[in-house]
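Data first, discussion second: the structure below is written as structure tokens.
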Amino acid sequence: MHVNDSRETTSALAPKPKVIGIRRLKEPMPTPFKTRVFTVANQKGGVGKTTTAVNIAAALAMGGLKVLVIDLDPQGNACTALGVDREELAGMYEVLVNEQLLSQVVVKVAGFPNLECAPADIELAGAEINMVGFVSRESRLKLALEKFLAEREATGTRLDYVIIDCPPSLGLLTINALTAAEEVLVPIQCEYYSLEGLTLLLKTLQQVQQMLNQKVRISTIVLTMFDSRTRLANDVANNVREHFPNELIDVPIPRAVRISEAPSFNQTVMTYDASSPGAVAYMTVAREIARRGSGEIISQTTNLNDGVNSA
Ligand SMILES: Nc1ncnc2c1ncn2[C@@H]1O[C@H](COP(=O)(O)OP(=O)(O)O)[C@@H](O)[C@H]1O
Ligand SMILES: [Mg+2]
């Protein structure tokens, strides 16, 4: 992979004073030609979905892009990492079950000019059960998001990225997320069995493609909690590289203490310690995601789809 961002790469080596407050990169990231909606999915828990969702969202926002994180996991870990106090707020339950407008639940994330969050309210745990009786229960999020994005477009405040954080299951919330998105980002932790879960995800994705959303595809794979010293991590990485050469962003996120510390300070690692290796890796991955979405590789998009179907 071509990494053209020397600024972030060198910042890992040279100690830099901490910058407090709103952060923005000198070199902006390219704007996609339309809003890109990503679902971060992997039915395994603890593989780095939430960490990847919030840090990539923060990194894209720091690159000057307008980003919305939708926290669709009842545990609300994305809210925690973004410093959004969900106890007080209406959130995705209200949107999915009571048809509240997404625009009424979206809040700004402190410390970022362009980052917003649709919180996982406390009731979200009951959403799957309460949606069961609804007609088109799988498309509730899609409809809400379409309306919201159209509204934003019309008011000249178009979003560049929407990133949906999913719970660790393939239940109705994740199905809603897969139905609402065109792109799936799969974080893979390089350990035993990490690829077995992928088969199930691919199967579910195929069903969603057939029944609900033809456009959705795995566009992006990120290796998380990577420990280059272990042979296993390298084996898994090689395996993923072989099966998903186009989708894999070949900049593994290292296992890093700063990444795991950040949420307890209600921060992403991008603000908690922007020059730490974990933050630098997420910044590089975000920049590559933005580059791929800048229109340069629209033709490649079609090929990726074929890859998913035959995988
Ligand atoms: N690169 C990393 N290095 C160290 N710890 C990590 C890293 N990525 C995630 N973690 C930690 O691993 C745990 C699980 O990550 P999380 O993103 O919550 O996974 P998921 O959303 O898939 O359940 C969290 O405690 C998180 O802080
Ligand atoms: Mg999570």
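Each chain in the structure tokens gets a letter, A, B, ..., in the order shown, and its residues are numbered from 1; ligands are numbered from 1 in order too.
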
Next on the checklist: Using only C-alpha atoms, which protein or nucleic acid residues come within 10 Å of range 72-79 of chain A? Drop anything in the same chain fewer than 5 positions from it, and give the result as JSON, numbers by chain.
Outcome noted: {"A": [39, 49, 50, 51, 52, 53, 54, 55, 84, 85, 86, 87, 91, 92, 93, 109, 117, 118, 119, 120, 121, 122, 123, 124, 125, 126, 127, 141, 164, 165, 166, 167, 168, 169, 173, 174, 176, 177, 263, 266, 267, 268]}

Print the selection's residues with N, CA and C atoms to a file, as a tab-separated table (two decimals), in the first residue's frame.
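Saved the output as again_15.tsv:
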chain	number	residue	atom	x	y	z
A	39	THR	N	-20.81	0.36	7.75
A	39	THR	CA	-21.19	-0.40	8.93
A	39	THR	C	-19.96	-1.15	9.41
A	49	LYS	N	-14.28	-3.46	17.08
A	49	LYS	CA	-15.28	-2.73	16.28
A	49	LYS	C	-15.41	-1.28	16.75
A	50	THR	N	-15.75	-1.14	18.03
A	50	THR	CA	-16.02	0.20	18.55
A	50	THR	C	-14.78	1.07	18.47
A	51	THR	N	-13.66	0.50	18.86
A	51	THR	CA	-12.40	1.25	18.84
A	51	THR	C	-12.10	1.74	17.42
A	52	THR	N	-12.31	0.85	16.45
A	52	THR	CA	-12.05	1.22	15.06
A	52	THR	C	-13.05	2.25	14.58
A	53	ALA	N	-14.33	2.06	14.93
A	53	ALA	CA	-15.38	2.99	14.48
A	53	ALA	C	-15.08	4.41	14.98
A	54	VAL	N	-14.84	4.54	16.27
A	54	VAL	CA	-14.69	5.91	16.82
A	54	VAL	C	-13.37	6.55	16.40
A	55	ASN	N	-12.32	5.75	16.32
A	55	ASN	CA	-11.03	6.36	15.99
A	55	ASN	C	-10.93	6.74	14.52
A	84	VAL	N	-19.96	11.21	24.88
A	84	VAL	CA	-21.38	11.56	24.77
A	84	VAL	C	-22.13	10.88	25.93
A	85	ASP	N	-22.76	11.68	26.75
A	85	ASP	CA	-23.46	11.14	27.92
A	85	ASP	C	-24.85	10.66	27.51
A	86	ARG	N	-24.97	9.38	27.25
A	86	ARG	CA	-26.21	8.88	26.67
A	86	ARG	C	-27.35	8.76	27.66
A	87	GLU	N	-27.04	8.82	28.93
A	87	GLU	CA	-28.08	8.68	29.96
A	87	GLU	C	-29.16	9.75	29.79
A	91	GLY	N	-32.07	8.53	21.77
A	91	GLY	CA	-31.10	7.98	20.83
A	91	GLY	C	-31.73	7.02	19.85
A	92	MET	N	-30.96	6.03	19.46
A	92	MET	CA	-31.35	5.17	18.36
A	92	MET	C	-32.59	4.32	18.64
A	93	TYR	N	-32.88	4.04	19.90
A	93	TYR	CA	-34.14	3.34	20.19
A	93	TYR	C	-35.31	4.18	19.71
A	109	VAL	N	-20.08	16.14	18.92
A	109	VAL	CA	-19.06	15.57	19.80
A	109	VAL	C	-18.10	16.69	20.20
A	117	CYS	N	-22.72	12.51	16.72
A	117	CYS	CA	-23.01	11.15	17.19
A	117	CYS	C	-24.50	10.99	17.41
A	118	ALA	N	-25.02	9.86	16.93
A	118	ALA	CA	-26.39	9.46	17.27
A	118	ALA	C	-26.26	8.40	18.35
A	119	PRO	N	-26.61	8.74	19.59
A	119	PRO	CA	-26.29	7.87	20.71
A	119	PRO	C	-27.14	6.60	20.79
A	120	ALA	N	-26.54	5.62	21.46
A	120	ALA	CA	-27.29	4.42	21.83
A	120	ALA	C	-27.95	4.76	23.15
A	121	ASP	N	-29.26	5.00	23.13
A	121	ASP	CA	-29.92	5.31	24.38
A	121	ASP	C	-30.05	4.04	25.24
A	122	ILE	N	-30.40	4.25	26.48
A	122	ILE	CA	-30.44	3.14	27.41
A	122	ILE	C	-31.45	2.07	26.98
A	123	GLU	N	-32.53	2.49	26.32
A	123	GLU	CA	-33.59	1.56	25.91
A	123	GLU	C	-33.19	0.69	24.74
A	124	LEU	N	-32.07	1.01	24.07
A	124	LEU	CA	-31.73	0.33	22.81
A	124	LEU	C	-31.67	-1.20	22.97
A	125	ALA	N	-31.33	-1.65	24.17
A	125	ALA	CA	-31.27	-3.10	24.41
A	125	ALA	C	-32.61	-3.77	24.10
A	126	GLY	N	-33.70	-3.03	24.22
A	126	GLY	CA	-35.01	-3.62	23.96
A	126	GLY	C	-35.48	-3.46	22.53
A	127	ALA	N	-34.67	-2.82	21.70
A	127	ALA	CA	-35.12	-2.49	20.34
A	127	ALA	C	-35.40	-3.73	19.49
A	141	LEU	N	-33.59	1.60	10.00
A	141	LEU	CA	-32.44	2.51	10.03
A	141	LEU	C	-32.20	3.13	8.66
A	164	ILE	N	-21.35	3.35	11.36
A	164	ILE	CA	-22.30	2.69	12.27
A	164	ILE	C	-21.58	1.61	13.07
A	165	ASP	N	-21.62	1.75	14.38
A	165	ASP	CA	-20.98	0.75	15.26
A	165	ASP	C	-22.03	-0.29	15.66
A	166	CYS	N	-21.71	-1.55	15.43
A	166	CYS	CA	-22.69	-2.64	15.64
A	166	CYS	C	-22.43	-3.42	16.92
A	167	PRO	N	-23.50	-4.02	17.45
A	167	PRO	CA	-23.30	-4.94	18.59
A	167	PRO	C	-22.63	-6.23	18.12
A	168	PRO	N	-22.11	-7.02	19.04
A	168	PRO	CA	-21.44	-8.27	18.67
A	168	PRO	C	-22.44	-9.39	18.41
A	169	SER	N	-23.27	-9.23	17.42
A	169	SER	CA	-24.20	-10.30	17.04
A	169	SER	C	-24.66	-10.01	15.63
A	173	LEU	N	-30.40	-5.51	14.91
A	173	LEU	CA	-29.69	-4.22	14.88
A	173	LEU	C	-28.60	-4.25	13.81
A	174	THR	N	-27.82	-5.32	13.80
A	174	THR	CA	-26.77	-5.43	12.78
A	174	THR	C	-27.37	-5.54	11.38
A	176	ASN	N	-30.13	-4.22	10.42
A	176	ASN	CA	-30.51	-2.84	10.08
A	176	ASN	C	-29.31	-2.05	9.59
A	177	ALA	N	-28.19	-2.23	10.25
A	177	ALA	CA	-26.98	-1.50	9.87
A	177	ALA	C	-26.50	-1.94	8.48
A	263	PRO	N	-10.69	5.33	26.17
A	263	PRO	CA	-12.13	5.40	26.52
A	263	PRO	C	-12.39	5.73	27.98
A	266	ASN	N	-13.00	9.15	28.36
A	266	ASN	CA	-14.04	9.59	27.42
A	266	ASN	C	-13.43	10.23	26.18
A	267	GLN	N	-12.40	9.59	25.67
A	267	GLN	CA	-11.74	10.12	24.49
A	267	GLN	C	-11.43	9.01	23.48
A	268	THR	N	-11.20	9.46	22.27
A	268	THR	CA	-10.61	8.55	21.29
A	268	THR	C	-9.09	8.69	21.47

Would you list the contacts of Tyr272 in chain A as an mmCIF file with N, CA and C atoms, in the first residue's frame, taking every protein, DNA or RNA residue within 12 Å and counting only C-alpha atoms, but skipping same-chain residues closer than 2 positions in sequence?
data_model
loop_
_atom_site.group_PDB
_atom_site.id
_atom_site.type_symbol
_atom_site.label_atom_id
_atom_site.label_comp_id
_atom_site.auth_asym_id
_atom_site.auth_seq_id
_atom_site.Cartn_x
_atom_site.Cartn_y
_atom_site.Cartn_z
ATOM 1 N N LYS A 18 1.563 17.939 23.602
ATOM 2 C CA LYS A 18 0.158 17.582 23.474
ATOM 3 C C LYS A 18 -0.645 18.796 23.070
ATOM 4 N N VAL A 19 -1.541 18.601 22.144
ATOM 5 C CA VAL A 19 -2.396 19.700 21.742
ATOM 6 C C VAL A 19 -3.749 19.487 22.383
ATOM 7 N N ILE A 20 -4.204 20.481 23.077
ATOM 8 C CA ILE A 20 -5.499 20.342 23.725
ATOM 9 C C ILE A 20 -6.519 21.148 22.946
ATOM 10 N N GLY A 21 -7.734 20.636 22.881
ATOM 11 C CA GLY A 21 -8.788 21.347 22.178
ATOM 12 C C GLY A 21 -9.004 20.769 20.804
ATOM 13 N N ILE A 22 -9.619 21.545 19.960
ATOM 14 C CA ILE A 22 -10.004 21.050 18.648
ATOM 15 C C ILE A 22 -8.785 20.786 17.782
ATOM 16 N N ARG A 23 -8.761 19.617 17.195
ATOM 17 C CA ARG A 23 -7.613 19.250 16.383
ATOM 18 C C ARG A 23 -8.014 19.122 14.924
ATOM 19 N N ASN A 55 -12.318 5.753 16.325
ATOM 20 C CA ASN A 55 -11.028 6.362 15.995
ATOM 21 C C ASN A 55 -10.935 6.737 14.524
ATOM 22 N N ALA A 58 -13.048 9.838 14.237
ATOM 23 C CA ALA A 58 -12.324 11.008 14.762
ATOM 24 C C ALA A 58 -11.232 11.440 13.796
ATOM 25 N N ALA A 81 -16.593 6.505 24.385
ATOM 26 C CA ALA A 81 -15.315 6.933 23.821
ATOM 27 C C ALA A 81 -15.393 8.345 23.233
ATOM 28 N N LEU A 82 -16.591 8.737 22.829
ATOM 29 C CA LEU A 82 -16.736 10.069 22.234
ATOM 30 C C LEU A 82 -17.159 11.105 23.275
ATOM 31 N N GLY A 83 -17.282 10.657 24.513
ATOM 32 C CA GLY A 83 -17.660 11.594 25.576
ATOM 33 C C GLY A 83 -19.103 12.060 25.478
ATOM 34 N N GLY A 111 -15.018 18.889 21.150
ATOM 35 C CA GLY A 111 -13.609 18.836 20.785
ATOM 36 C C GLY A 111 -13.364 18.663 19.298
ATOM 37 N N VAL A 257 -1.358 0.236 24.483
ATOM 38 C CA VAL A 257 -1.987 0.610 25.750
ATOM 39 C C VAL A 257 -2.790 1.904 25.630
ATOM 40 N N ARG A 258 -2.258 2.878 24.903
ATOM 41 C CA ARG A 258 -2.932 4.175 24.791
ATOM 42 C C ARG A 258 -4.324 4.028 24.174
ATOM 43 N N ILE A 259 -4.448 3.090 23.234
ATOM 44 C CA ILE A 259 -5.760 2.873 22.604
ATOM 45 C C ILE A 259 -6.769 2.389 23.644
ATOM 46 N N SER A 260 -6.335 1.465 24.483
ATOM 47 C CA SER A 260 -7.285 0.911 25.456
ATOM 48 C C SER A 260 -7.527 1.853 26.632
ATOM 49 N N GLU A 261 -6.582 2.756 26.881
ATOM 50 C CA GLU A 261 -6.772 3.720 27.974
ATOM 51 C C GLU A 261 -7.758 4.832 27.606
ATOM 52 N N ALA A 262 -7.725 5.222 26.337
ATOM 53 C CA ALA A 262 -8.458 6.427 25.921
ATOM 54 C C ALA A 262 -9.933 6.447 26.356
ATOM 55 N N PRO A 263 -10.695 5.328 26.173
ATOM 56 C CA PRO A 263 -12.127 5.402 26.516
ATOM 57 C C PRO A 263 -12.390 5.730 27.981
ATOM 58 N N SER A 264 -11.492 5.347 28.877
ATOM 59 C CA SER A 264 -11.749 5.649 30.280
ATOM 60 C C SER A 264 -11.594 7.150 30.567
ATOM 61 N N PHE A 265 -11.033 7.876 29.602
ATOM 62 C CA PHE A 265 -10.998 9.334 29.718
ATOM 63 C C PHE A 265 -12.035 9.964 28.783
ATOM 64 N N ASN A 266 -13.001 9.147 28.363
ATOM 65 C CA ASN A 266 -14.037 9.590 27.422
ATOM 66 C C ASN A 266 -13.430 10.225 26.181
ATOM 67 N N GLN A 267 -12.404 9.588 25.672
ATOM 68 C CA GLN A 267 -11.743 10.119 24.488
ATOM 69 C C GLN A 267 -11.426 9.013 23.484
ATOM 70 N N THR A 268 -11.197 9.456 22.267
ATOM 71 C CA THR A 268 -10.605 8.548 21.291
ATOM 72 C C THR A 268 -9.089 8.686 21.474
ATOM 73 N N VAL A 269 -8.347 7.739 20.944
ATOM 74 C CA VAL A 269 -6.896 7.857 21.071
ATOM 75 C C VAL A 269 -6.385 9.021 20.213
ATOM 76 N N MET A 270 -7.207 9.414 19.248
ATOM 77 C CA MET A 270 -6.811 10.514 18.368
ATOM 78 C C MET A 270 -6.660 11.823 19.129
ATOM 79 N N ALA A 274 -2.364 11.771 20.351
ATOM 80 C CA ALA A 274 -2.371 11.772 18.883
ATOM 81 C C ALA A 274 -1.068 11.296 18.259
ATOM 82 N N SER A 275 0.020 11.339 19.030
ATOM 83 C CA SER A 275 1.278 10.927 18.413
ATOM 84 C C SER A 275 1.676 9.513 18.812
ATOM 85 N N SER A 276 0.802 8.834 19.558
ATOM 86 C CA SER A 276 1.104 7.448 19.941
ATOM 87 C C SER A 276 0.964 6.536 18.718
ATOM 88 N N GLY A 278 -0.668 3.879 18.109
ATOM 89 C CA GLY A 278 -2.045 3.478 17.782
ATOM 90 C C GLY A 278 -2.781 4.578 17.039
ATOM 91 N N ALA A 279 -2.628 5.810 17.516
ATOM 92 C CA ALA A 279 -3.297 6.945 16.868
ATOM 93 C C ALA A 279 -2.736 7.160 15.468
ATOM 94 N N VAL A 280 -1.434 7.023 15.340
ATOM 95 C CA VAL A 280 -0.794 7.199 14.027
ATOM 96 C C VAL A 280 -1.314 6.149 13.043
#

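Using only C-alpha atoms, the smallest distance between any of A:Leu96, A:Phe244, A:Asn239, A:Leu195 and Ile218 in chain A comes from A:Phe244.
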
Checklist entry - Smallest atom-to-atom distance to ligand 2: which of A:Val105, A:Cys190, A:Val67, A:Ala41, using only C-alpha atoms and all ligand atoms? => result A:Ala41

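Closest approach to Pro113 in chain A among A:Met62, A:Tyr161, A:Val95, A:Leu101 is made by A:Met62 (distances from only C-alpha atoms).
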
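Candidate residues A:Arg36, A:His243, A:Arg292, A:Arg255 were compared for distance to ligand 1, and the nearest is A:Arg255, using only C-alpha atoms and all ligand atoms.
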
Next on the checklist: Taking 5 positions as the minimum chain separation for residues in the same chain, which residues sit within 12 Å of range 142-148 of chain A when counting only C-alpha atoms? Answer as a ChimeraX atom specification.
Outcome noted: /A:35-37,39,68-70,92-106,118,136-137,153-155,157-159,162-164,173-182,212-213,216

Keeping N, CA and C atoms for every residue in the selection just given, could you write it to a file as a CSV table (one decimal), in the first residue's frame?
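Produced file result-v8.csv, reproduced below:
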chain,number,residue,atom,x,y,z
A,35,THR,N,-22.1,10.9,0.2
A,35,THR,CA,-21.9,10.4,1.6
A,35,THR,C,-21.6,8.9,1.6
A,36,ARG,N,-20.5,8.5,2.3
A,36,ARG,CA,-20.2,7.1,2.4
A,36,ARG,C,-20.7,6.6,3.7
A,37,VAL,N,-21.5,5.5,3.6
A,37,VAL,CA,-22.1,4.9,4.9
A,37,VAL,C,-21.4,3.6,5.1
A,39,THR,N,-20.8,0.4,7.7
A,39,THR,CA,-21.2,-0.4,8.9
A,39,THR,C,-20.0,-1.2,9.4
A,68,LEU,N,-20.6,11.4,11.0
A,68,LEU,CA,-21.6,11.0,12.0
A,68,LEU,C,-21.3,9.6,12.4
A,69,VAL,N,-21.2,9.4,13.7
A,69,VAL,CA,-21.1,8.0,14.3
A,69,VAL,C,-22.5,7.6,14.8
A,70,ILE,N,-23.0,6.5,14.3
A,70,ILE,CA,-24.3,6.0,14.9
A,70,ILE,C,-23.9,4.8,15.8
A,92,MET,N,-31.0,6.0,19.5
A,92,MET,CA,-31.3,5.2,18.4
A,92,MET,C,-32.6,4.3,18.6
A,93,TYR,N,-32.9,4.0,19.9
A,93,TYR,CA,-34.1,3.3,20.2
A,93,TYR,C,-35.3,4.2,19.7
A,94,GLU,N,-35.3,5.4,20.1
A,94,GLU,CA,-36.4,6.3,19.7
A,94,GLU,C,-36.5,6.4,18.1
A,95,VAL,N,-35.4,6.4,17.5
A,95,VAL,CA,-35.4,6.5,16.0
A,95,VAL,C,-36.0,5.2,15.4
A,96,LEU,N,-35.5,4.0,15.9
A,96,LEU,CA,-35.8,2.8,15.3
A,96,LEU,C,-37.2,2.3,15.7
A,97,VAL,N,-37.6,2.5,16.9
A,97,VAL,CA,-38.9,2.0,17.4
A,97,VAL,C,-40.0,3.1,17.3
A,98,ASN,N,-39.7,4.3,17.7
A,98,ASN,CA,-40.7,5.3,17.8
A,98,ASN,C,-40.7,6.3,16.7
A,99,GLU,N,-39.8,6.1,15.7
A,99,GLU,CA,-39.8,6.9,14.5
A,99,GLU,C,-39.4,8.4,14.7
A,100,GLN,N,-38.7,8.6,15.8
A,100,GLN,CA,-38.2,9.9,16.0
A,100,GLN,C,-37.2,10.2,14.9
A,101,LEU,N,-37.1,11.5,14.5
A,101,LEU,CA,-36.2,11.9,13.4
A,101,LEU,C,-34.7,11.7,13.9
A,102,LEU,N,-33.9,11.2,13.1
A,102,LEU,CA,-32.5,11.1,13.4
A,102,LEU,C,-31.9,12.5,13.8
A,103,SER,N,-32.4,13.5,13.1
A,103,SER,CA,-31.9,14.9,13.3
A,103,SER,C,-32.2,15.3,14.7
A,104,GLN,N,-33.2,14.7,15.3
A,104,GLN,CA,-33.5,15.1,16.7
A,104,GLN,C,-32.7,14.5,17.8
A,105,VAL,N,-32.0,13.4,17.4
A,105,VAL,CA,-31.2,12.7,18.4
A,105,VAL,C,-29.7,12.9,18.2
A,106,VAL,N,-29.3,13.4,17.1
A,106,VAL,CA,-27.9,13.6,16.8
A,106,VAL,C,-27.3,14.8,17.6
A,118,ALA,N,-25.0,9.9,16.9
A,118,ALA,CA,-26.4,9.5,17.3
A,118,ALA,C,-26.3,8.4,18.4
A,136,SER,N,-41.3,-4.3,7.5
A,136,SER,CA,-39.9,-3.9,7.2
A,136,SER,C,-39.1,-3.5,8.4
A,137,ARG,N,-39.0,-4.4,9.3
A,137,ARG,CA,-38.3,-4.1,10.5
A,137,ARG,C,-36.8,-4.0,10.2
A,153,GLU,N,-28.3,17.3,3.1
A,153,GLU,CA,-28.0,17.7,1.7
A,153,GLU,C,-28.7,19.0,1.4
A,154,ALA,N,-30.0,19.0,1.7
A,154,ALA,CA,-30.9,20.1,1.3
A,154,ALA,C,-30.5,21.4,2.0
A,155,THR,N,-30.0,21.2,3.3
A,155,THR,CA,-29.6,22.4,4.0
A,155,THR,C,-28.1,22.8,3.9
A,157,THR,N,-25.5,21.0,4.5
A,157,THR,CA,-24.6,20.5,5.6
A,157,THR,C,-24.4,19.0,5.4
A,158,ARG,N,-24.1,18.7,4.1
A,158,ARG,CA,-23.9,17.3,3.8
A,158,ARG,C,-22.8,16.6,4.6
A,159,LEU,N,-23.1,15.4,5.0
A,159,LEU,CA,-22.1,14.6,5.7
A,159,LEU,C,-21.2,13.9,4.7
A,162,VAL,N,-20.7,8.4,7.3
A,162,VAL,CA,-21.5,7.9,8.4
A,162,VAL,C,-20.9,6.6,8.8
A,163,ILE,N,-20.6,6.4,10.1
A,163,ILE,CA,-20.0,5.2,10.6
A,163,ILE,C,-20.9,4.5,11.7
A,164,ILE,N,-21.3,3.3,11.4
A,164,ILE,CA,-22.3,2.7,12.3
A,164,ILE,C,-21.6,1.6,13.1
A,173,LEU,N,-30.4,-5.5,14.9
A,173,LEU,CA,-29.7,-4.2,14.9
A,173,LEU,C,-28.6,-4.2,13.8
A,174,THR,N,-27.8,-5.3,13.8
A,174,THR,CA,-26.8,-5.4,12.8
A,174,THR,C,-27.4,-5.5,11.4
A,175,ILE,N,-28.5,-6.3,11.3
A,175,ILE,CA,-29.1,-6.4,9.9
A,175,ILE,C,-29.6,-5.0,9.5
A,176,ASN,N,-30.1,-4.2,10.4
A,176,ASN,CA,-30.5,-2.8,10.1
A,176,ASN,C,-29.3,-2.0,9.6
A,177,ALA,N,-28.2,-2.2,10.3
A,177,ALA,CA,-27.0,-1.5,9.9
A,177,ALA,C,-26.5,-1.9,8.5
A,178,LEU,N,-26.5,-3.2,8.2
A,178,LEU,CA,-26.1,-3.7,6.9
A,178,LEU,C,-27.0,-3.3,5.8
A,179,THR,N,-28.3,-3.1,6.2
A,179,THR,CA,-29.3,-2.7,5.2
A,179,THR,C,-29.1,-1.2,4.9
A,180,ALA,N,-28.6,-0.5,5.9
A,180,ALA,CA,-28.6,1.0,5.7
A,180,ALA,C,-27.3,1.4,5.0
A,181,ALA,N,-26.3,0.5,4.9
A,181,ALA,CA,-25.0,1.0,4.4
A,181,ALA,C,-24.7,0.4,3.1
A,182,GLU,N,-23.7,1.0,2.4
A,182,GLU,CA,-23.2,0.4,1.2
A,182,GLU,C,-21.9,-0.3,1.4
A,212,LEU,N,-32.5,-7.4,0.9
A,212,LEU,CA,-32.7,-6.1,1.4
A,212,LEU,C,-31.9,-5.0,0.8
A,213,ASN,N,-30.7,-5.3,0.4
A,213,ASN,CA,-29.8,-4.2,0.0
A,213,ASN,C,-28.7,-4.7,-0.9
A,216,VAL,N,-24.8,-3.4,-0.7
A,216,VAL,CA,-23.8,-3.5,0.4
A,216,VAL,C,-22.7,-4.6,0.1

Next on the checklist: Set the distance at 6 Å and use only C-alpha atoms: which residues neighbour Leu185 in chain A once local chain neighbours fewer than 5 positions away are removed? I'd like the list as a list in words.
Outcome noted: Thr39, Val40, Thr220 and Ile221 of chain A

Dump of N, CA and C atoms for the selected residues, as a PDB file, in the first residue's frame:
ATOM      1  N   THR A  39     -20.808   0.362   7.750  1.00  0.00           N
ATOM      2  CA  THR A  39     -21.189  -0.398   8.927  1.00  0.00           C
ATOM      3  C   THR A  39     -19.965  -1.153   9.413  1.00  0.00           C
ATOM      4  N   VAL A  40     -19.637  -0.974  10.682  1.00  0.00           N
ATOM      5  CA  VAL A  40     -18.506  -1.695  11.260  1.00  0.00           C
ATOM      6  C   VAL A  40     -19.067  -2.952  11.915  1.00  0.00           C
ATOM      7  N   THR A 220     -13.832  -2.783   3.188  1.00  0.00           N
ATOM      8  CA  THR A 220     -12.655  -2.432   3.976  1.00  0.00           C
ATOM      9  C   THR A 220     -12.420  -3.445   5.095  1.00  0.00           C
ATOM     10  N   ILE A 221     -11.191  -3.911   5.211  1.00  0.00           N
ATOM     11  CA  ILE A 221     -10.838  -4.782   6.330  1.00  0.00           C
ATOM     12  C   ILE A 221      -9.650  -4.155   7.060  1.00  0.00           C
TER      13      ILE A 221
END

Find the residues near range 284-291 of chain A: any atom within 7 Å, counting only C-alpha atoms, skip ones fewer than 5 places away on the same chain, and give them as an mmCIF file with C-alpha atoms, in the first residue's frame.
data_model
loop_
_atom_site.group_PDB
_atom_site.id
_atom_site.type_symbol
_atom_site.label_atom_id
_atom_site.label_comp_id
_atom_site.auth_asym_id
_atom_site.auth_seq_id
_atom_site.Cartn_x
_atom_site.Cartn_y
_atom_site.Cartn_z
ATOM 1 C CA MET A 29 -8.469 14.485 3.443
ATOM 2 C CA PRO A 30 -10.340 14.197 0.141
ATOM 3 C CA ILE A 56 -11.518 6.296 12.254
ATOM 4 C CA ALA A 59 -9.427 10.787 12.321
ATOM 5 C CA LEU A 60 -11.667 11.578 9.333
ATOM 6 C CA ILE A 249 -5.927 -1.870 4.424
ATOM 7 C CA VAL A 251 -1.612 -0.938 7.933
#

Next on the checklist: Run DSSP on the backbone and tell me which residues of range 29-104 of chain A come out as alpha helix (DSSP H); list them as a PyMOL selection string.
Outcome noted: chain A and resi 49-62+77-82+92-98+102-104

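Taking CA of Pro277 in chain A and atom 12 (O, counted along the ligand's line) of ligand 1 as the two end points, the separation is 15.6 Å.
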
Checklist entry - Which residues in range 42-230 of chain A does DSSP call strand (DSSP E or B)? List them as a PyMOL selection string. => result chain A and resi 67-71+107-108+115-118+161-165+183-189+217-224+226

Checklist entry - Got a sec: who's within 8 Å of Gln189 in chain A, counting only C-alpha atoms, leaving out chain neighbours fewer than 4 positions off, as a VMD selection string? => result chain A and resid 47 to 48 194 223 to 226

Given the selection you just returned, output its residues as a file containing N, CA and C atoms, formatted as a PDB file, in the first residue's frame.
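Listing of again_39.pdb after writing:
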ATOM      1  N   VAL A  47     -13.306  -7.502  19.272  1.00  0.00           N
ATOM      2  CA  VAL A  47     -12.326  -7.550  18.180  1.00  0.00           C
ATOM      3  C   VAL A  47     -11.861  -6.155  17.749  1.00  0.00           C
ATOM      4  N   GLY A  48     -12.469  -5.139  18.345  1.00  0.00           N
ATOM      5  CA  GLY A  48     -12.056  -3.774  18.004  1.00  0.00           C
ATOM      6  C   GLY A  48     -13.025  -3.019  17.110  1.00  0.00           C
ATOM      7  N   SER A 194     -10.300 -16.241  14.124  1.00  0.00           N
ATOM      8  CA  SER A 194     -10.826 -14.930  13.736  1.00  0.00           C
ATOM      9  C   SER A 194     -11.434 -14.979  12.334  1.00  0.00           C
ATOM     10  N   LEU A 223      -6.944  -4.771  10.289  1.00  0.00           N
ATOM     11  CA  LEU A 223      -6.396  -5.708  11.271  1.00  0.00           C
ATOM     12  C   LEU A 223      -6.192  -4.963  12.588  1.00  0.00           C
ATOM     13  N   THR A 224      -6.767  -5.504  13.647  1.00  0.00           N
ATOM     14  CA  THR A 224      -6.720  -4.804  14.933  1.00  0.00           C
ATOM     15  C   THR A 224      -5.876  -5.566  15.951  1.00  0.00           C
ATOM     16  N   MET A 225      -5.437  -4.849  16.959  1.00  0.00           N
ATOM     17  CA  MET A 225      -4.673  -5.432  18.071  1.00  0.00           C
ATOM     18  C   MET A 225      -3.554  -6.331  17.564  1.00  0.00           C
ATOM     19  N   PHE A 226      -2.881  -5.827  16.565  1.00  0.00           N
ATOM     20  CA  PHE A 226      -1.868  -6.612  15.873  1.00  0.00           C
ATOM     21  C   PHE A 226      -0.555  -6.628  16.661  1.00  0.00           C
TER      22      PHE A 226
END

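Distances here use only C-alpha atoms; by that measure, the residue among A:Val236, A:Asp160, A:Val107, A:Ile129 closest to Tyr192 in chain A is A:Val236.
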
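Candidate residues A:Ala281, A:Leu232, A:Ala256, A:Ala61 were compared for distance to ligand 1, and the nearest is A:Ala256, using only C-alpha atoms and all ligand atoms.
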
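Taking CA of Pro187 in chain A and CA of Gln207 in chain A as endpoints, the distance between them is 20.4 Å.
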